[in-house]
Amino acid sequence: MIKKIVCLSVIVALLVIGVALSQEARENKHTADRHKERGITCGGCHGEEEDAPKTAASPKSCLACKNHGSWDVVAERTVKDKDYRFNPHRNHITETNDIECTQCHQAHRNDTVACYDCHTGMKFK
């Protein structure tokens, strides 16, 4: 009887861990995956309609995209959609145009936060 309880407890624990990891994976999708979900093809960023484009996406293609618009549009959407204490799209770096979208949004890798280069431990929420 104790063996069955232990086995059942282990199964429940593994299910809970699996759900938590699955949720984290959904929240940490790569930029390219989020674009694909919205119907944006490889060509939307790379300028080439191939499954494996030969050129890197231009950082300028982000703001030229009708889905993003200008820095101001992106910053306003960030404020509206997120409950951020600091807006990562409106700050001293973005106001001087010293940053490209691709410095944080890595497309086919995990996103990074350029703010953390100087502001370690900074919390947006």
# chains A, B, ... in the order shown; residues from 1 in each chain; ligands from 1
>>> select_by_dssp(residues="chain A", states="helix (DSSP H, G or I)", output="ChimeraX atom specification")
/A:2-27,31-37,42-46,60-64,71-81,92-95,101-103,114-117
>>> atom_distance(atom1="atom CA of A:Ala52", atom2="atom CA of A:Trp71")
28.3 Å
>>> atom_distance(atom1="atom CA of A:Arg38", atom2="atom CA of A:Asn67")
9.7 Å
>>> atom_distance(atom1="atom CA of A:Cys118", atom2="atom CA of A:Ala64")
28.5 Å
>>> closest_residue(among="A:Ile5, A:Met122, A:Ala57, A:Cys62", to="A:Pro88", atoms="only C-alpha atoms")
A:Met122
>>> closest_residue(among="A:Ala32, A:Val79, A:Ile40, A:Val73", to="A:Phe124", atoms="only C-alpha atoms")
A:Val79
>>> residues_around(residues="A:Lys29", least_positions_apart="5", cutoff="9 Å", atoms="only C-alpha atoms", output="MDAnalysis selection string")
chainID A and resid 24 34 109:111
>>> residues_around(residues="A:Gln103", least_positions_apart="4", cutoff="8 Å", atoms="only C-alpha atoms", output="PDB file with C-alpha atoms, in the first residue's frame")
ATOM      1  CA  ILE A  99      20.180  49.893 -30.090  1.00  0.00           C
ATOM      2  CA  THR A 112      18.192  38.696 -24.008  1.00  0.00           C
ATOM      3  CA  VAL A 113      17.761  42.031 -22.229  1.00  0.00           C
ATOM      4  CA  ALA A 114      20.392  44.578 -23.238  1.00  0.00           C
TER       5      ALA A 114
END
>>> residues_around(residues="A:Pro59", least_positions_apart="6", cutoff="8 Å", atoms="only C-alpha atoms", output="short mmCIF file (atom, residue, chain, number, x, y, z; two decimals) with N, CA and C atoms, in the first residue's frame")
data_model
loop_
_atom_site.label_atom_id
_atom_site.label_comp_id
_atom_site.auth_asym_id
_atom_site.auth_seq_id
_atom_site.Cartn_x
_atom_site.Cartn_y
_atom_site.Cartn_z
N GLU A 100 19.52 48.20 -31.65
CA GLU A 100 18.70 47.56 -32.69
C GLU A 100 17.82 46.53 -32.01
N CYS A 101 16.67 46.26 -32.59
CA CYS A 101 15.73 45.27 -32.03
C CYS A 101 16.42 43.93 -31.78
N THR A 102 17.30 43.56 -32.71
CA THR A 102 17.94 42.24 -32.66
C THR A 102 18.98 42.11 -31.54
#
